[in-house]
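Q: Take this structure, written in structure tokens, and hold onto it; I'll ask about it next.
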Amino acid sequence: MKGKIVAGMAAVLILVLVGVYTATAAEVHLWGSTTCQKRFLEPGAKALEDATGIGIKVFGVGTGKGMLALFEGKTSVAISSNVLEGSVASAQKVLAEEGKPPVAVPDGLQFHTITEDIIVPIVHKDNPVARLTWDQLARLNTGEIKNWKEVGGPDMPVKVITSHAGSSTKAVFQELVMKKAAYAADVEEVKSTRLELNLVSTNPGGIGAVSQGFFNLNPGNAKMVKTETISRPLGLITIGDPTPDVRKIIDFFRSGEGRKYIVE
């Protein structure tokens with residue numbers, strides 16, 4: 001009788017372990033863009049799992065570091081808020097900032113677009129400036145314009161705030177608006193979009209550029225400044241065809257149901 005009890009307990013333990021393995025085997029790790037993280041992956045994570053059985057864990061380290069994780073085999077999918085070429089460039093920029101040589105880029109990279117994103121310039125809510133041209137934005141961010149009175153604002157120093165080297169938001173803004181010019185010498189570089197938004201919210205002379213969707217989640221004491229549209233794709237990047245689980249993630253967020261969870 002005792003042997004039967006022990007055998008039964010062992011069988012139950014095996015079933016429990018199998019259940020645990022099954023629950024965790026379908027978890028996909030996604031490394032990269034915090035914009036993708038906040039715009040659709042986290043808002044839709046529960047619905048994705050309910051619909052597909054796929055759980056996700058997001059590492060919001062920026063597009064550049066996410067690409068490096070993909071190249072190094074730490075993940076089967078990176079998340080990006082830039083075009084494919086720009087995403088690779090962000091990875092190389094991270095390495096350059098760390099004093100490391102460029103990485104060999106694998107063949108067969110595929111970009112799977114989920115949605116489009118708009119980058120918006122932001123300033124403190126008490127700053128009366130409401131509209132800026134790309135030329136004015138470029139000159140503000142390079143440090144050529146040092147006082148807000150030069151663009152119709154108050155007599156107040158400009159404080160440029162931007163994200164880290166691997167940030168695609170920064171890379172796209174710098175390429176499209178600033179025409180690849182360097183940021184002001186006294187620019188304050190932060191580790192995340194949230195910190196960038198927070199600093200602009202607390203600095204009356206601050207200026208930054210963030211995802212409109214991210215801004216809409218919690219603008220703090222910042223406001224958007226109108227300008228010509230600055231857009232870029234948000235998506236997943238794989239080496240070759242996506243794995244079956246990653247394909248389910250892509251298909252879900254492209255579906256009518258999945259699109260309900262994309263934060264605008």
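Residues are named by chain letter and number: chains run A, B, ... in the order of the structure tokens, numbers start at 1 in each chain, and ligands are numbered from 1 in the order shown.
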Write down as a ChimeraX atom specification the residues of segment 107-188 of chain A whose backbone DSSP state falls under alpha helix (DSSP H).
A: /A:134-142,168-176
Q: Take the residues from that selection and write them out as a short mmCIF file (atom, residue, chain, number, x, y, z; two decimals), in the first residue's frame, keeping C-alpha atoms.
A:
```
data_model
loop_
_atom_site.label_atom_id
_atom_site.label_comp_id
_atom_site.auth_asym_id
_atom_site.auth_seq_id
_atom_site.Cartn_x
_atom_site.Cartn_y
_atom_site.Cartn_z
CA TRP A 134 12.42 70.94 -38.52
CA ASP A 135 15.12 73.54 -39.06
CA GLN A 136 14.35 75.16 -35.69
CA LEU A 137 14.27 71.75 -33.98
CA ALA A 138 17.64 70.88 -35.51
CA ARG A 139 19.22 74.15 -34.39
CA LEU A 140 17.78 73.78 -30.89
CA ASN A 141 19.09 70.23 -30.51
CA THR A 142 22.54 70.96 -31.94
CA SER A 168 15.86 54.30 -32.24
CA THR A 169 13.74 57.30 -31.34
CA LYS A 170 16.93 59.29 -30.99
CA ALA A 171 18.44 57.79 -34.15
CA VAL A 172 15.40 58.52 -36.32
CA PHE A 173 15.05 62.07 -35.00
CA GLN A 174 18.75 62.73 -35.48
CA GLU A 175 18.72 61.35 -39.02
CA LEU A 176 15.49 62.89 -40.31
#
```
Q: Sort by chain and increasing residue number a table of all residues of segment 86-166 of chain A within 9 Å of segment 54-75 of chain A, each with its closest pair of atoms and their distance in Å to one decimal, counting only C-alpha atoms, and write it as CSV.
A:
```
residue,atom,partner,partner_atom,distance
A:Ser87,CA,A:Gly64,CA,6.3
A:Val88,CA,A:Met67,CA,6.8
A:Ala89,CA,A:Gly64,CA,7.6
A:Ser90,CA,A:Gly64,CA,4.4
A:Ala91,CA,A:Gly64,CA,3.8
A:Gln92,CA,A:Gly64,CA,7.4
A:Lys93,CA,A:Gly64,CA,7.4
A:Val94,CA,A:Gly64,CA,6.2
A:Leu95,CA,A:Gly64,CA,8.9
A:Val103,CA,A:Leu68,CA,8.2
A:Ala104,CA,A:Phe71,CA,8.2
A:Val105,CA,A:Phe71,CA,7.1
A:Pro106,CA,A:Phe71,CA,7.0
A:His164,CA,A:Gly62,CA,8.2
A:Ala165,CA,A:Gly64,CA,7.9
A:Gly166,CA,A:Gly64,CA,4.2
```
Q: One number please: atom CA of Ile118 of chain A to atom CA of Trp31 of chain A, in Å, one decimal.
A: 21.0 Å
Q: Quick one: everything within 8 Å of segment 147-162 of chain A, counting only C-alpha atoms, minus sequence neighbours fewer than 4 positions away in the same chain. Send it as number ranges by chain.
A: A: 127-129, 132, 136, 140-141, 143, 170, 184, 186-190, 196, 199-200, 203, 205-209
Q: For Val225 of chain A, which residue among A:Gly108, A:Gly32, A:Gly44, A:Pro121 is the nearest when counting only C-alpha atoms?
A: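 Of A:Gly108, A:Gly32, A:Gly44, A:Pro121, the one nearest Val225 of chain A is A:Pro121, counting only C-alpha atoms.
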Q: Which residues are close to Ser76 of chain A, i.e. within 9 Å by only C-alpha atoms, leaving aside same-chain residues fewer than 6 positions away? Reply as a list in words.
A: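 Using only C-alpha atoms, the neighbours found are Val28, His29, Leu30, Ala69, Leu70, Ile237, Thr238, Ile239, Pro242, Thr243 and Val246 of chain A.
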